[in-house]
Amino acid sequence: MLLHRIRLLVNSRFIMEYEPSPLPSPSGRGSKEKEQEQENQQQYKNNSYPPLPQGEGLGVRAEIAELAGSNRQIPDVLLERARELRKQETPAEKILWECLRNRRLLNKKFRRQHNIDRYIADFYCHEKLLIIEVDGSIHASQQTEDYIRENWLLSHQFTVIRFSNEQIFNDIESVLHTIAQALIP
């Protein structure tokens, strides 16, 4: 019944049709991405980026890249914890991940259990700086920590959306609609 419901959602108006990606390279990325990454690394080594306009710095995007980008520094403890959380996903996270993975929702890339500075976000869209948190029963006893975490994330330009397990189980269409609204500029 649950898989049937997810299949129906995949065909809904909020979720794009699934198109298999090209075969990944041995590093896990497609050839275009790998070529672009190599070109970027070469430009960085040669310091051949075009100069910034007078008086302009890298700004917020550079700070975000340090916190959540692919070249961020992640302590080994947090990296291992994120791997554990990916292996031990909750049923609600599993349902939502089936709807978000492989660019199924508005062709936006989501990551799960993604490290952002000292925190681990349940789901994260780097393009839109959107964090989706799925709250189980444990969050009732850690409201202060959640408040501190959310304020820190908001102060660093991230958008945070929270859903309870019950919302995902009982009204996944509304959850996906809310996420889609946050993804549309």
# chains A, B, ... in the order shown; residues from 1 in each chain; ligands from 1

$ residues_around --residues "Trp152 (chain A)" --least-positions-apart "4" --cutoff "12 Å" --atoms "only C-alpha atoms" --output "ChimeraX atom specification"
/A:67,116-119,145-148,156-160

$ write_last_selection --atoms "C-alpha atoms" --output "mmCIF file, in the first residue's frame"
data_model
loop_
_atom_site.group_PDB
_atom_site.id
_atom_site.type_symbol
_atom_site.label_atom_id
_atom_site.label_comp_id
_atom_site.auth_asym_id
_atom_site.auth_seq_id
_atom_site.Cartn_x
_atom_site.Cartn_y
_atom_site.Cartn_z
ATOM 1 C CA LEU A 67 29.766 25.378 5.935
ATOM 2 C CA ILE A 116 26.518 21.549 7.838
ATOM 3 C CA ASP A 117 29.203 22.831 10.185
ATOM 4 C CA ARG A 118 28.561 21.010 13.482
ATOM 5 C CA TYR A 119 25.037 19.889 12.571
ATOM 6 C CA GLU A 145 18.648 22.257 21.298
ATOM 7 C CA ASP A 146 16.415 22.376 18.208
ATOM 8 C CA TYR A 147 15.736 26.080 18.825
ATOM 9 C CA ILE A 148 19.460 26.892 19.120
ATOM 10 C CA HIS A 156 23.676 31.643 8.172
ATOM 11 C CA GLN A 157 21.069 32.149 5.418
ATOM 12 C CA PHE A 158 19.619 28.607 5.441
ATOM 13 C CA THR A 159 15.870 27.981 5.268
ATOM 14 C CA VAL A 160 14.591 25.288 7.626
#

$ residues_around --residues "Lys94 (chain A)" --least-positions-apart "5" --cutoff "12 Å" --atoms "only C-alpha atoms" --output "ChimeraX atom specification"
/A:2-3,6,85-89,99-101,112-113,122-123,134,165,168-169

$ write_last_selection --atoms "C-alpha atoms" --output "PDB file, in the first residue's frame"
ATOM      1  CA  LEU A   2       2.781   2.421   0.935  1.00  0.00           C
ATOM      2  CA  LEU A   3       4.800   1.720  -2.237  1.00  0.00           C
ATOM      3  CA  ILE A   6       4.688   6.619  -3.358  1.00  0.00           C
ATOM      4  CA  LEU A  85      22.140   7.930  10.259  1.00  0.00           C
ATOM      5  CA  ARG A  86      21.923   7.171   6.523  1.00  0.00           C
ATOM      6  CA  LYS A  87      22.045   3.448   7.299  1.00  0.00           C
ATOM      7  CA  GLN A  88      19.476   3.702  10.112  1.00  0.00           C
ATOM      8  CA  GLU A  89      16.862   5.917   8.503  1.00  0.00           C
ATOM      9  CA  CYS A  99      10.068  11.336  -3.098  1.00  0.00           C
ATOM     10  CA  LEU A 100      13.159  13.601  -3.088  1.00  0.00           C
ATOM     11  CA  ARG A 101      15.976  11.408  -4.381  1.00  0.00           C
ATOM     12  CA  ARG A 112      20.315  13.199   3.093  1.00  0.00           C
ATOM     13  CA  GLN A 113      22.047  13.324   6.461  1.00  0.00           C
ATOM     14  CA  ASP A 122      18.038  15.244   7.519  1.00  0.00           C
ATOM     15  CA  PHE A 123      17.643  16.523   3.935  1.00  0.00           C
ATOM     16  CA  VAL A 134      11.838  15.179  10.046  1.00  0.00           C
ATOM     17  CA  ASN A 165       6.576  11.803  11.266  1.00  0.00           C
ATOM     18  CA  ILE A 168       4.729  12.430   6.385  1.00  0.00           C
ATOM     19  CA  PHE A 169       2.728   9.257   7.095  1.00  0.00           C
TER      20      PHE A 169
END

$ closest_residue --among "A:Glu93, A:Asp171, A:Glu63, A:Glu98" --to "Glu133 (chain A)" --atoms "only C-alpha atoms"
A:Glu93

$ select_by_dssp --residues "region 97-172 of chain A" --states "strand (DSSP E or B)" --output "ChimeraX atom specification"
/A:105,111-116,119-125,130-135,159-164

$ atom_distance --atom1 "CA of Phe110 (chain A)" --atom2 "CA of Tyr124 (chain A)"
5.3 Å

$ atom_distance --atom1 "CA of Leu106 (chain A)" --atom2 "CA of Ile184 (chain A)"
8.6 Å

$ atom_distance --atom1 "CA of Glu173 (chain A)" --atom2 "CA of Ile120 (chain A)"
25.2 Å
